[in-house]
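Notes follow once the structure below has been shown.
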Amino acid sequence: MCNLYRVKTNQESIRDIVGIMQERLNLEPDVEIYPDRPGPVVRNGETGRELVGLTWGMPSPEYVTKGKPDSGVTNIRDLDSRHWRRWFGVKHRCVVPWTAFCEWEDTKPRKTKRWFAINEDTPIAFFAGFWTDWRGVRGSMKTPREGDHQLFGFLTTGPNNIVKPIHPKAMPVILTNKDEVEMWLTASWDEAKELQRPLPDDGLVLLPVEGESKTADLFG
(Lines give C-alpha, C1' and ligand atoms only; values in the text may rest on other atoms or scores of the structure.)
Protein backbone atom coordinates (compact mmCIF):
# COMPACT_ATOMS: atom_id res chain seq x y z
CA MET A 1 0.00 0.00 0.00
CA CYS A 2 1.44 3.35 -1.03
CA ASN A 3 1.68 5.59 2.05
CA LEU A 4 4.40 7.94 0.84
CA TYR A 5 4.99 9.68 -2.46
CA ARG A 6 7.03 12.54 -3.84
CA VAL A 7 6.12 15.51 -6.02
CA LYS A 8 9.13 17.16 -7.62
CA THR A 9 7.74 19.38 -10.33
CA ASN A 10 6.21 22.78 -11.12
CA GLN A 11 2.75 24.04 -11.98
CA GLU A 12 3.60 24.47 -15.65
CA SER A 13 4.39 20.75 -15.97
CA ILE A 14 1.05 19.89 -14.39
CA ARG A 15 -0.77 22.36 -16.65
CA ASP A 16 0.82 20.79 -19.74
CA ILE A 17 -1.11 17.58 -19.04
CA VAL A 18 -4.31 18.62 -17.25
CA GLY A 19 -4.90 21.80 -19.28
CA ILE A 20 -5.93 25.26 -18.10
CA MET A 21 -6.48 25.39 -14.36
CA GLN A 22 -6.97 27.91 -11.60
CA GLU A 23 -4.00 27.73 -9.27
CA ARG A 24 -5.28 27.98 -5.70
CA LEU A 25 -2.04 26.54 -4.35
CA ASN A 26 1.59 27.62 -4.55
CA LEU A 27 3.23 24.29 -5.26
CA GLU A 28 6.51 23.57 -3.51
CA PRO A 29 9.21 22.43 -5.99
CA ASP A 30 10.03 19.24 -4.06
CA VAL A 31 7.86 17.72 -1.34
CA GLU A 32 7.13 14.29 0.17
CA ILE A 33 3.48 13.56 1.01
CA TYR A 34 2.49 11.42 4.00
CA PRO A 35 -0.98 10.22 5.14
CA ASP A 36 -3.22 12.82 6.81
CA ARG A 37 -1.01 15.60 5.44
CA PRO A 38 -1.78 18.11 2.65
CA GLY A 39 -0.93 17.30 -0.95
CA PRO A 40 -1.58 18.94 -4.35
CA VAL A 41 -4.64 17.74 -6.26
CA VAL A 42 -6.27 18.77 -9.55
CA ARG A 43 -10.07 18.60 -9.53
CA ASN A 44 -13.11 19.96 -11.36
CA GLY A 45 -14.13 23.07 -9.41
CA GLU A 46 -17.28 25.14 -9.69
CA THR A 47 -15.66 27.54 -12.14
CA GLY A 48 -13.29 25.15 -13.91
CA ARG A 49 -10.35 22.87 -13.29
CA GLU A 50 -8.25 23.88 -10.27
CA LEU A 51 -5.06 22.98 -8.43
CA VAL A 52 -5.70 22.81 -4.68
CA GLY A 53 -4.16 21.45 -1.50
CA LEU A 54 -6.21 18.70 0.19
CA THR A 55 -5.55 16.29 3.06
CA TRP A 56 -4.52 12.75 2.08
CA GLY A 57 -7.01 10.18 3.38
CA MET A 58 -10.66 9.79 2.41
CA PRO A 59 -13.26 9.26 5.18
CA SER A 60 -13.09 5.79 6.71
CA PRO A 61 -16.21 3.62 6.97
CA GLU A 62 -17.97 4.34 10.28
CA TYR A 63 -17.37 0.83 11.60
CA VAL A 64 -13.62 1.48 11.40
CA THR A 65 -13.57 4.68 13.45
CA LYS A 66 -16.25 3.85 16.09
CA GLY A 67 -16.19 7.34 17.55
CA LYS A 68 -12.41 7.78 17.40
CA PRO A 69 -10.61 10.39 15.26
CA ASP A 70 -10.39 9.32 11.64
CA SER A 71 -6.90 8.92 10.18
CA GLY A 72 -8.44 8.36 6.73
CA VAL A 73 -8.16 5.84 3.90
CA THR A 74 -5.31 6.70 1.54
CA ASN A 75 -5.66 3.81 -0.93
CA ILE A 76 -8.99 2.67 -2.39
CA ARG A 77 -9.48 -0.60 -4.28
CA ASP A 78 -12.88 -2.19 -3.63
CA LEU A 79 -15.17 -0.38 -6.08
CA ASP A 80 -18.05 -2.67 -5.11
CA SER A 81 -18.12 -1.17 -1.61
CA ARG A 82 -21.20 0.94 -0.90
CA HIS A 83 -19.00 3.30 1.11
CA TRP A 84 -17.10 4.48 -1.99
CA ARG A 85 -19.94 4.64 -4.54
CA ARG A 86 -21.08 8.12 -3.46
CA TRP A 87 -17.82 9.55 -4.87
CA PHE A 88 -17.75 7.88 -8.30
CA GLY A 89 -19.20 10.86 -10.17
CA VAL A 90 -17.16 13.45 -12.08
CA LYS A 91 -17.69 16.01 -9.30
CA HIS A 92 -15.65 13.95 -6.85
CA ARG A 93 -12.91 12.68 -9.14
CA CYS A 94 -9.45 14.22 -9.10
CA VAL A 95 -5.91 13.52 -10.28
CA VAL A 96 -2.94 13.55 -7.93
CA PRO A 97 0.45 14.61 -9.35
CA TRP A 98 3.51 12.55 -8.38
CA THR A 99 7.04 11.91 -9.58
CA ALA A 100 7.95 8.90 -7.38
CA PHE A 101 6.05 6.66 -4.96
CA CYS A 102 7.39 4.50 -2.17
CA GLU A 103 6.84 0.96 -1.00
CA TRP A 104 8.72 -0.74 1.84
CA GLU A 105 10.87 -3.74 0.92
CA ASP A 106 10.86 -6.48 3.57
CA THR A 107 14.62 -6.56 4.14
CA LYS A 108 16.42 -7.54 7.34
CA PRO A 109 17.12 -6.26 9.93
CA ARG A 110 15.30 -3.14 8.70
CA LYS A 111 12.77 -2.54 6.00
CA THR A 112 13.97 -0.41 3.10
CA LYS A 113 12.29 2.44 1.24
CA ARG A 114 12.02 1.60 -2.45
CA TRP A 115 10.97 4.30 -4.90
CA PHE A 116 9.17 3.76 -8.20
CA ALA A 117 9.00 6.26 -11.08
CA ILE A 118 7.99 6.39 -14.74
CA ASN A 119 11.69 6.37 -15.63
CA GLU A 120 15.02 7.42 -14.14
CA ASP A 121 14.32 11.10 -14.93
CA THR A 122 11.20 10.92 -12.70
CA PRO A 123 8.79 12.85 -14.96
CA ILE A 124 5.38 13.81 -13.66
CA ALA A 125 2.46 11.39 -13.76
CA PHE A 126 -0.88 11.25 -11.89
CA PHE A 127 -2.79 8.92 -9.58
CA ALA A 128 -6.51 8.48 -10.31
CA GLY A 129 -8.20 9.84 -7.21
CA PHE A 130 -11.36 10.92 -5.42
CA TRP A 131 -11.97 13.88 -3.13
CA THR A 132 -14.72 15.11 -0.81
CA ASP A 133 -15.71 17.69 1.77
CA TRP A 134 -16.05 16.12 5.21
CA ARG A 135 -16.88 17.31 8.70
CA GLY A 136 -15.61 15.44 11.72
CA VAL A 137 -12.52 14.68 13.78
CA ARG A 138 -9.27 13.86 11.99
CA GLY A 139 -5.90 12.82 13.33
CA SER A 140 -5.25 10.80 16.49
CA MET A 141 -6.52 10.65 20.06
CA LYS A 142 -3.46 12.69 21.09
CA THR A 143 -3.83 15.40 18.42
CA PRO A 144 -7.45 15.45 17.17
CA ARG A 145 -8.49 18.05 14.60
CA GLU A 146 -12.22 18.75 14.64
CA GLY A 147 -13.95 20.73 11.92
CA ASP A 148 -14.39 20.91 8.15
CA HIS A 149 -11.88 19.07 5.99
CA GLN A 150 -11.28 18.54 2.29
CA LEU A 151 -9.90 15.06 1.71
CA PHE A 152 -8.54 12.92 -1.12
CA GLY A 153 -7.40 9.38 -1.78
CA PHE A 154 -6.50 7.38 -4.86
CA LEU A 155 -7.29 4.09 -6.51
CA THR A 156 -5.12 1.00 -6.34
CA THR A 157 -5.13 -2.16 -8.39
CA GLY A 158 -3.12 -5.38 -8.69
CA PRO A 159 0.65 -4.87 -8.99
CA ASN A 160 2.60 -5.19 -12.22
CA ASN A 161 5.81 -7.24 -12.35
CA ILE A 162 7.95 -4.25 -11.35
CA VAL A 163 6.05 -3.55 -8.12
CA LYS A 164 5.11 -7.15 -7.23
CA PRO A 165 8.52 -8.28 -5.85
CA ILE A 166 8.45 -5.35 -3.40
CA HIS A 167 4.72 -5.11 -2.72
CA PRO A 168 2.77 -8.15 -3.97
CA LYS A 169 -0.71 -6.91 -3.01
CA ALA A 170 -1.32 -3.68 -4.92
CA MET A 171 -0.04 -0.62 -6.76
CA PRO A 172 -1.59 2.81 -7.44
CA VAL A 173 -3.69 3.39 -10.56
CA ILE A 174 -1.43 5.58 -12.70
CA LEU A 175 -2.37 7.99 -15.49
CA THR A 176 0.50 9.04 -17.73
CA ASN A 177 -0.96 11.19 -20.53
CA LYS A 178 -3.55 13.84 -21.35
CA ASP A 179 -6.11 11.37 -22.72
CA GLU A 180 -6.12 9.25 -19.56
CA VAL A 181 -6.34 12.30 -17.32
CA GLU A 182 -9.19 13.73 -19.37
CA MET A 183 -11.02 10.41 -19.33
CA TRP A 184 -10.76 10.14 -15.56
CA LEU A 185 -11.92 13.71 -14.97
CA THR A 186 -14.78 13.83 -17.49
CA ALA A 187 -15.98 10.40 -18.64
CA SER A 188 -18.96 8.41 -17.37
CA TRP A 189 -18.18 6.03 -14.53
CA ASP A 190 -18.56 3.00 -16.80
CA GLU A 191 -15.73 4.38 -18.95
CA ALA A 192 -13.57 5.85 -16.21
CA LYS A 193 -13.47 2.67 -14.09
CA GLU A 194 -11.69 0.88 -16.93
CA LEU A 195 -8.58 2.84 -15.94
CA GLN A 196 -8.29 0.73 -12.79
CA ARG A 197 -5.51 -1.51 -14.16
CA PRO A 198 -1.79 -2.01 -13.51
CA LEU A 199 0.61 0.14 -15.49
CA PRO A 200 2.45 -1.98 -18.11
CA ASP A 201 5.77 -3.33 -16.89
CA ASP A 202 7.74 -1.20 -19.33
CA GLY A 203 6.04 1.96 -18.01
CA LEU A 204 7.62 1.92 -14.56
CA VAL A 205 11.09 1.52 -13.04
CA LEU A 206 12.40 0.67 -9.59
CA LEU A 207 14.93 3.33 -8.61
CA PRO A 208 18.19 2.53 -6.77
CA VAL A 209 18.09 2.57 -2.98
CA GLU A 210 18.58 6.09 -1.65
CA GLY A 211 21.34 6.00 0.94
CA GLU A 212 21.00 3.99 4.11
CA SER A 213 17.90 1.91 4.86
CA LYS A 214 15.52 3.25 7.46
CA THR A 215 13.03 1.45 9.65
CA ALA A 216 9.44 1.58 8.38
CA ASP A 217 8.04 2.29 11.82
CA LEU A 218 4.63 3.52 10.64
CA PHE A 219 4.18 1.61 7.42
CA GLY A 220 5.43 -1.89 8.19
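Chain labels A, B, ... are given in the sequence in which chains occur in the C-alpha coordinates; within each chain residues are numbered consecutively from 1, and ligands are likewise numbered from 1 in the order shown.
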field: Those of segment 10-76 of chain A in DSSP strand (DSSP E), formatted as number ranges by chain
entry: A: 22-23, 31-33, 38-45, 48-56, 75-76
query: Near segment 161-166 of chain A, counting only C-alpha atoms, which residues have an atom at most 8 Å away, once you skip same-chain residues fewer than 5 positions from it, shown as a ChimeraX atom specification?
result: /A:103-106,114,116,171,201,204-206
message: Give me the residues near Val7 of chain A as an MDAnalysis selection string, where near means some atom within 8 Å (using only C-alpha atoms) and where sequence neighbours in that chain fewer than 3 positions away do not count.
response: chainID A and resid 29:33 97:100 124
Put those residues in a file: all heavy atoms, as a CSV table (one decimal), in the first residue's frame.
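To be explicit, this is the file written out as selection.csv:
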chain,number,residue,atom,x,y,z
A,29,PRO,N,8.5,23.1,-4.9
A,29,PRO,CA,9.2,22.4,-6.0
A,29,PRO,C,9.6,21.0,-5.7
A,29,PRO,O,9.8,20.2,-6.6
A,29,PRO,CB,10.5,23.3,-6.2
A,29,PRO,CG,10.7,24.0,-4.9
A,29,PRO,CD,9.3,24.2,-4.4
A,30,ASP,N,9.7,20.6,-4.4
A,30,ASP,CA,10.0,19.2,-4.1
A,30,ASP,C,9.5,18.9,-2.7
A,30,ASP,O,9.9,19.5,-1.7
A,30,ASP,CB,11.6,19.1,-4.1
A,30,ASP,CG,12.0,17.7,-3.9
A,30,ASP,OD1,11.2,16.8,-3.7
A,30,ASP,OD2,13.2,17.4,-3.9
A,31,VAL,N,8.5,18.0,-2.6
A,31,VAL,CA,7.9,17.7,-1.3
A,31,VAL,C,7.5,16.2,-1.3
A,31,VAL,O,7.2,15.6,-2.3
A,31,VAL,CB,6.6,18.6,-1.2
A,31,VAL,CG1,5.6,18.3,-2.2
A,31,VAL,CG2,6.0,18.4,0.2
A,32,GLU,N,7.6,15.7,-0.1
A,32,GLU,CA,7.1,14.3,0.2
A,32,GLU,C,5.8,14.3,0.9
A,32,GLU,O,5.7,15.1,1.9
A,32,GLU,CB,8.2,13.5,1.0
A,32,GLU,CG,9.4,13.2,0.1
A,32,GLU,CD,10.4,12.3,0.9
A,32,GLU,OE1,10.2,12.0,2.0
A,32,GLU,OE2,11.4,11.9,0.2
A,33,ILE,N,4.8,13.5,0.5
A,33,ILE,CA,3.5,13.6,1.0
A,33,ILE,C,3.2,12.3,1.8
A,33,ILE,O,3.5,11.2,1.4
A,33,ILE,CB,2.4,13.6,-0.1
A,33,ILE,CG1,2.8,14.7,-1.1
A,33,ILE,CG2,1.0,13.9,0.5
A,33,ILE,CD1,2.8,16.1,-0.6
A,97,PRO,N,-0.9,14.6,-8.7
A,97,PRO,CA,0.4,14.6,-9.4
A,97,PRO,C,1.5,13.9,-8.5
A,97,PRO,O,1.5,14.1,-7.2
A,97,PRO,CB,0.8,16.1,-9.5
A,97,PRO,CG,-0.1,16.8,-8.5
A,97,PRO,CD,-1.3,16.0,-8.4
A,98,TRP,N,2.4,13.2,-9.1
A,98,TRP,CA,3.5,12.6,-8.4
A,98,TRP,C,4.7,12.4,-9.3
A,98,TRP,O,4.5,12.4,-10.5
A,98,TRP,CB,3.1,11.2,-7.8
A,98,TRP,CG,2.7,10.2,-8.9
A,98,TRP,CD1,1.6,10.0,-9.5
A,98,TRP,CD2,3.6,9.2,-9.4
A,98,TRP,NE1,1.6,9.0,-10.4
A,98,TRP,CE2,2.9,8.5,-10.4
A,98,TRP,CE3,5.0,8.8,-9.1
A,98,TRP,CZ2,3.5,7.4,-11.1
A,98,TRP,CZ3,5.5,7.8,-9.9
A,98,TRP,CH2,4.8,7.1,-10.8
A,99,THR,N,5.9,12.2,-8.8
A,99,THR,CA,7.0,11.9,-9.6
A,99,THR,C,7.7,10.6,-9.1
A,99,THR,O,8.5,10.0,-9.8
A,99,THR,CB,8.1,13.1,-9.6
A,99,THR,OG1,8.3,13.5,-8.2
A,99,THR,CG2,7.5,14.2,-10.4
A,100,ALA,N,7.5,10.2,-7.9
A,100,ALA,CA,7.9,8.9,-7.4
A,100,ALA,C,7.1,8.5,-6.2
A,100,ALA,O,6.6,9.3,-5.5
A,100,ALA,CB,9.4,9.0,-6.9
A,124,ILE,N,6.7,13.8,-14.4
A,124,ILE,CA,5.4,13.8,-13.7
A,124,ILE,C,4.4,12.8,-14.2
A,124,ILE,O,4.3,12.6,-15.5
A,124,ILE,CB,4.8,15.2,-13.7
A,124,ILE,CG1,3.6,15.3,-12.7
A,124,ILE,CG2,4.4,15.7,-15.1
A,124,ILE,CD1,3.1,16.7,-12.5
Restrict the calculation to only C-alpha atoms, then for each residue of segment 110-132 of chain A with any atom at most 12 Å from an atom of segment 70-83 of chain A give the closest atom pair and their distance in Å to one decimal, rows by chain and rising residue number, as CSV.
residue,atom,partner,partner_atom,distance
A:Phe127,CA,A:Asn75,CA,10.5
A:Ala128,CA,A:Ile76,CA,10.1
A:Gly129,CA,A:Ile76,CA,8.7
A:Phe130,CA,A:Ile76,CA,9.1
A:Trp131,CA,A:Thr74,CA,10.8
A:Thr132,CA,A:Gly72,CA,11.9
task: Find the residues around Arg145 of chain A up to 12 Å (only C-alpha atoms counted), leave out those fewer than 4 positions away in its own chain, and share them as a list in words.
output: Asp36, Lys68, Pro69, Asp70, Ser71, Arg135, Gly136, Val137, Arg138, Gly139, Ser140, Met141 and His149 of chain A
Can those selected residues be exported to a file as a CSV table (one decimal), in the first residue's frame so that it contains all heavy atoms?
chain,number,residue,atom,x,y,z
A,36,ASP,N,-2.6,11.8,6.0
A,36,ASP,CA,-3.2,12.8,6.8
A,36,ASP,C,-2.4,14.1,6.8
A,36,ASP,O,-2.5,14.9,7.7
A,36,ASP,CB,-3.4,12.3,8.3
A,36,ASP,CG,-4.5,13.1,9.0
A,36,ASP,OD1,-5.5,13.4,8.3
A,36,ASP,OD2,-4.3,13.3,10.2
A,68,LYS,N,-13.8,7.3,17.3
A,68,LYS,CA,-12.4,7.8,17.4
A,68,LYS,C,-12.1,8.7,16.3
A,68,LYS,O,-12.7,8.7,15.2
A,68,LYS,CB,-11.4,6.6,17.4
A,68,LYS,CG,-11.6,5.6,18.5
A,68,LYS,CD,-10.6,4.5,18.5
A,68,LYS,CE,-10.8,3.6,17.2
A,68,LYS,NZ,-9.9,2.5,17.2
A,69,PRO,N,-11.0,9.6,16.4
A,69,PRO,CA,-10.6,10.4,15.3
A,69,PRO,C,-10.3,9.5,14.0
A,69,PRO,O,-9.8,8.4,14.2
A,69,PRO,CB,-9.4,11.1,15.8
A,69,PRO,CG,-9.5,11.1,17.3
A,69,PRO,CD,-10.2,9.8,17.6
A,70,ASP,N,-10.6,10.1,12.9
A,70,ASP,CA,-10.4,9.3,11.6
A,70,ASP,C,-9.0,9.7,11.0
A,70,ASP,O,-8.8,10.8,10.7
A,70,ASP,CB,-11.5,9.7,10.7
A,70,ASP,CG,-11.5,8.8,9.4
A,70,ASP,OD1,-10.7,7.9,9.4
A,70,ASP,OD2,-12.3,9.1,8.5
A,71,SER,N,-8.2,8.7,10.8
A,71,SER,CA,-6.9,8.9,10.2
A,71,SER,C,-7.0,8.8,8.7
A,71,SER,O,-6.1,9.2,7.9
A,71,SER,CB,-5.8,7.9,10.7
A,71,SER,OG,-6.3,6.6,10.4
A,135,ARG,N,-16.9,16.7,7.4
A,135,ARG,CA,-16.9,17.3,8.7
A,135,ARG,C,-16.8,16.2,9.8
A,135,ARG,O,-17.5,15.3,9.8
A,135,ARG,CB,-18.1,18.2,8.9
A,135,ARG,CG,-18.1,18.9,10.3
A,135,ARG,CD,-19.2,19.9,10.4
A,135,ARG,NE,-19.1,20.6,11.7
A,135,ARG,CZ,-18.3,21.6,12.0
A,135,ARG,NH1,-17.5,22.0,11.1
A,135,ARG,NH2,-18.3,22.1,13.2
A,136,GLY,N,-15.8,16.4,10.7
A,136,GLY,CA,-15.6,15.4,11.7
A,136,GLY,C,-14.3,15.7,12.4
A,136,GLY,O,-13.7,16.7,12.3
A,137,VAL,N,-13.8,14.6,13.0
A,137,VAL,CA,-12.5,14.7,13.8
A,137,VAL,C,-11.5,13.8,13.0
A,137,VAL,O,-11.6,12.6,12.8
A,137,VAL,CB,-12.7,14.2,15.2
A,137,VAL,CG1,-11.4,14.4,16.0
A,137,VAL,CG2,-13.8,14.9,15.9
A,138,ARG,N,-10.4,14.5,12.6
A,138,ARG,CA,-9.3,13.9,12.0
A,138,ARG,C,-8.1,13.7,13.0
A,138,ARG,O,-8.1,14.3,14.0
A,138,ARG,CB,-8.8,14.7,10.8
A,138,ARG,CG,-9.8,14.8,9.7
A,138,ARG,CD,-9.8,13.5,8.9
A,138,ARG,NE,-8.6,13.2,8.2
A,138,ARG,CZ,-8.5,12.3,7.2
A,138,ARG,NH1,-9.5,11.7,6.8
A,138,ARG,NH2,-7.3,12.1,6.6
A,139,GLY,N,-7.1,12.9,12.6
A,139,GLY,CA,-5.9,12.8,13.3
A,139,GLY,C,-5.9,11.6,14.3
A,139,GLY,O,-6.3,10.5,13.9
A,140,SER,N,-5.4,11.9,15.5
A,140,SER,CA,-5.2,10.8,16.5
A,140,SER,C,-5.9,11.2,17.8
A,140,SER,O,-6.3,12.4,18.0
A,140,SER,CB,-3.8,10.5,16.7
A,140,SER,OG,-3.1,11.7,17.3
A,141,MET,N,-6.0,10.3,18.7
A,141,MET,CA,-6.5,10.6,20.1
A,141,MET,C,-5.7,11.7,20.7
A,141,MET,O,-6.2,12.6,21.5
A,141,MET,CB,-6.6,9.4,20.9
A,141,MET,CG,-7.5,8.3,20.4
A,141,MET,SD,-9.3,8.8,20.5
A,141,MET,CE,-9.6,8.8,22.2
A,149,HIS,N,-13.1,19.5,6.7
A,149,HIS,CA,-11.9,19.1,6.0
A,149,HIS,C,-12.2,18.8,4.5
A,149,HIS,O,-13.3,18.4,4.2
A,149,HIS,CB,-11.4,17.8,6.6
A,149,HIS,CG,-11.2,17.9,8.1
A,149,HIS,ND1,-10.0,18.3,8.7
A,149,HIS,CD2,-12.0,17.6,9.1
A,149,HIS,CE1,-10.1,18.3,10.0
A,149,HIS,NE2,-11.3,17.8,10.3
Residues within 9 Å of Ile20 of chain A, please, as a tab-separated table (two decimals) with C-alpha atoms, in the first residue's frame. Count only C-alpha atoms; anything in the same chain fewer than 6 positions from it doesn't count.
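Everything below was put into selection11.tsv:
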chain	number	residue	atom	x	y	z
A	48	GLY	CA	-13.29	25.15	-13.91
A	49	ARG	CA	-10.35	22.87	-13.29
A	50	GLU	CA	-8.25	23.88	-10.27
task: Just give me the gap between atom CA of Lys111 of chain A and atom CA of Gly57 of chain A in Å, one decimal is fine.
output: 23.7 Å
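Among the candidates A:Tyr34, A:Phe126, A:Phe101, A:Trp87, the residue lying nearest to Glu182 of chain A is A:Phe126 (atoms considered: only C-alpha atoms).
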- request: Would you mind telling me which residue in A:Ile118, A:Val96, A:Ala125, A:Val173 lies nearest to Leu54 of chain A when using only C-alpha atoms?
  value: A:Val96
message: Which of segment 7-214 of chain A end up as alpha helix (DSSP H) when DSSP is run on this backbone - answer as a PyMOL selection string?
response: chain A and resi 11-18+62-65+82-85+178-186+189-192
Keeping only N, CA, C and O atoms, write the selected residues to a file as an mmCIF file, in the first residue's frame.
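Resulting contents of result00.cif:
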data_model
loop_
_atom_site.group_PDB
_atom_site.id
_atom_site.type_symbol
_atom_site.label_atom_id
_atom_site.label_comp_id
_atom_site.auth_asym_id
_atom_site.auth_seq_id
_atom_site.Cartn_x
_atom_site.Cartn_y
_atom_site.Cartn_z
ATOM 1 N N GLN A 11 4.132 23.934 -11.524
ATOM 2 C CA GLN A 11 2.753 24.035 -11.976
ATOM 3 C C GLN A 11 2.630 24.015 -13.497
ATOM 4 O O GLN A 11 1.646 23.530 -14.043
ATOM 5 N N GLU A 12 3.645 24.501 -14.183
ATOM 6 C CA GLU A 12 3.604 24.470 -15.646
ATOM 7 C C GLU A 12 3.600 23.044 -16.171
ATOM 8 O O GLU A 12 2.871 22.719 -17.118
ATOM 9 N N SER A 13 4.370 22.154 -15.546
ATOM 10 C CA SER A 13 4.391 20.750 -15.966
ATOM 11 C C SER A 13 3.041 20.089 -15.748
ATOM 12 O O SER A 13 2.589 19.283 -16.569
ATOM 13 N N ILE A 14 2.389 20.423 -14.645
ATOM 14 C CA ILE A 14 1.048 19.890 -14.390
ATOM 15 C C ILE A 14 0.067 20.419 -15.425
ATOM 16 O O ILE A 14 -0.730 19.681 -15.990
ATOM 17 N N ARG A 15 0.130 21.720 -15.689
ATOM 18 C CA ARG A 15 -0.772 22.358 -16.647
ATOM 19 C C ARG A 15 -0.614 21.776 -18.045
ATOM 20 O O ARG A 15 -1.580 21.679 -18.802
ATOM 21 N N ASP A 16 0.587 21.361 -18.413
ATOM 22 C CA ASP A 16 0.824 20.795 -19.739
ATOM 23 C C ASP A 16 -0.005 19.536 -19.981
ATOM 24 O O ASP A 16 -0.321 19.198 -21.125
ATOM 25 N N ILE A 17 -0.346 18.825 -18.900
ATOM 26 C CA ILE A 17 -1.106 17.583 -19.038
ATOM 27 C C ILE A 17 -2.582 17.780 -18.719
ATOM 28 O O ILE A 17 -3.448 17.289 -19.450
ATOM 29 N N VAL A 18 -2.901 18.497 -17.661
ATOM 30 C CA VAL A 18 -4.308 18.620 -17.251
ATOM 31 C C VAL A 18 -5.022 19.768 -17.942
ATOM 32 O O VAL A 18 -6.247 19.868 -17.886
ATOM 33 N N GLU A 62 -17.673 4.048 8.874
ATOM 34 C CA GLU A 62 -17.965 4.336 10.277
ATOM 35 C C GLU A 62 -17.589 3.185 11.209
ATOM 36 O O GLU A 62 -17.178 3.416 12.338
ATOM 37 N N TYR A 63 -17.692 1.949 10.715
ATOM 38 C CA TYR A 63 -17.370 0.830 11.597
ATOM 39 C C TYR A 63 -15.877 0.774 11.917
ATOM 40 O O TYR A 63 -15.468 0.146 12.907
ATOM 41 N N VAL A 64 -15.061 1.451 11.132
ATOM 42 C CA VAL A 64 -13.616 1.481 11.395
ATOM 43 C C VAL A 64 -13.282 2.462 12.504
ATOM 44 O O VAL A 64 -12.477 2.188 13.395
ATOM 45 N N THR A 65 -13.919 3.631 12.490
ATOM 46 C CA THR A 65 -13.575 4.676 13.451
ATOM 47 C C THR A 65 -14.239 4.478 14.815
ATOM 48 O O THR A 65 -13.622 4.717 15.844
ATOM 49 N N ARG A 82 -20.190 -0.125 -0.943
ATOM 50 C CA ARG A 82 -21.197 0.937 -0.897
ATOM 51 C C ARG A 82 -20.597 2.231 -0.356
ATOM 52 O O ARG A 82 -21.004 3.332 -0.734
ATOM 53 N N HIS A 83 -19.617 2.120 0.513
ATOM 54 C CA HIS A 83 -18.999 3.301 1.114
ATOM 55 C C HIS A 83 -18.397 4.223 0.063
ATOM 56 O O HIS A 83 -18.458 5.455 0.199
ATOM 57 N N TRP A 84 -17.808 3.663 -0.999
ATOM 58 C CA TRP A 84 -17.100 4.480 -1.986
ATOM 59 C C TRP A 84 -17.996 4.955 -3.121
ATOM 60 O O TRP A 84 -17.635 5.910 -3.823
ATOM 61 N N ARG A 85 -19.139 4.342 -3.339
ATOM 62 C CA ARG A 85 -19.941 4.638 -4.537
ATOM 63 C C ARG A 85 -20.391 6.089 -4.613
ATOM 64 O O ARG A 85 -20.561 6.637 -5.690
ATOM 65 N N LYS A 178 -2.393 12.946 -21.349
ATOM 66 C CA LYS A 178 -3.552 13.836 -21.349
ATOM 67 C C LYS A 178 -4.853 13.082 -21.541
ATOM 68 O O LYS A 178 -5.868 13.403 -20.909
ATOM 69 N N ASP A 179 -4.865 12.093 -22.434
ATOM 70 C CA ASP A 179 -6.106 11.367 -22.724
ATOM 71 C C ASP A 179 -6.613 10.626 -21.496
ATOM 72 O O ASP A 179 -7.820 10.610 -21.216
ATOM 73 N N GLU A 180 -5.715 9.983 -20.758
ATOM 74 C CA GLU A 180 -6.124 9.251 -19.557
ATOM 75 C C GLU A 180 -6.610 10.203 -18.469
ATOM 76 O O GLU A 180 -7.614 9.926 -17.800
ATOM 77 N N VAL A 181 -5.913 11.312 -18.304
ATOM 78 C CA VAL A 181 -6.340 12.304 -17.317
ATOM 79 C C VAL A 181 -7.713 12.857 -17.663
ATOM 80 O O VAL A 181 -8.602 12.970 -16.812
ATOM 81 N N GLU A 182 -7.906 13.184 -18.929
ATOM 82 C CA GLU A 182 -9.189 13.734 -19.370
ATOM 83 C C GLU A 182 -10.306 12.710 -19.193
ATOM 84 O O GLU A 182 -11.418 13.053 -18.753
ATOM 85 N N MET A 183 -10.026 11.470 -19.497
ATOM 86 C CA MET A 183 -11.022 10.411 -19.331
ATOM 87 C C MET A 183 -11.424 10.271 -17.862
ATOM 88 O O MET A 183 -12.614 10.182 -17.534
ATOM 89 N N TRP A 184 -10.443 10.289 -16.974
ATOM 90 C CA TRP A 184 -10.755 10.138 -15.561
ATOM 91 C C TRP A 184 -11.574 11.315 -15.046
ATOM 92 O O TRP A 184 -12.494 11.143 -14.247
ATOM 93 N N LEU A 185 -11.265 12.518 -15.498
ATOM 94 C CA LEU A 185 -11.921 13.706 -14.968
ATOM 95 C C LEU A 185 -13.276 14.011 -15.607
ATOM 96 O O LEU A 185 -14.059 14.780 -15.043
ATOM 97 N N THR A 186 -13.567 13.424 -16.766
ATOM 98 C CA THR A 186 -14.778 13.831 -17.489
ATOM 99 C C THR A 186 -15.690 12.692 -17.934
ATOM 100 O O THR A 186 -16.866 12.935 -18.190
ATOM 101 N N TRP A 189 -18.843 6.980 -15.419
ATOM 102 C CA TRP A 189 -18.181 6.028 -14.533
ATOM 103 C C TRP A 189 -17.892 4.708 -15.231
ATOM 104 O O TRP A 189 -16.838 4.092 -15.009
ATOM 105 N N ASP A 190 -18.785 4.250 -16.091
ATOM 106 C CA ASP A 190 -18.556 2.996 -16.799
ATOM 107 C C ASP A 190 -17.280 3.041 -17.629
ATOM 108 O O ASP A 190 -16.578 2.035 -17.762
ATOM 109 N N GLU A 191 -16.973 4.220 -18.190
ATOM 110 C CA GLU A 191 -15.726 4.375 -18.947
ATOM 111 C C GLU A 191 -14.537 4.586 -18.018
ATOM 112 O O GLU A 191 -13.491 3.946 -18.163
ATOM 113 N N ALA A 192 -14.701 5.469 -17.067
ATOM 114 C CA ALA A 192 -13.572 5.847 -16.211
ATOM 115 C C ALA A 192 -13.046 4.668 -15.392
ATOM 116 O O ALA A 192 -11.834 4.547 -15.180
#
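Here atom CA of Pro200 of chain A and atom CA of Ile174 of chain A stand 10.1 Å from one another.
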task: Rank A:Trp56, A:Trp134, A:Tyr5, A:Phe152 by their smallest atom-to-atom distance to Lys113 of chain A, using only C-alpha atoms, and report the top residue only.
output: A:Tyr5
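Among A:Lys91, A:Lys66, A:Lys193, A:Arg24, the residue with the shortest atom-to-atom distance to Pro40 of chain A, counting only C-alpha atoms, is A:Arg24.
Atom CA of Cys94 of chain A lies 14.6 Å from atom CA of Glu23 of chain A.
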- line: One residue among A:Lys169, A:Arg197, A:His92, A:Arg6 is nearest to Glu46 of chain A when using only C-alpha atoms, and that residue is A:His92
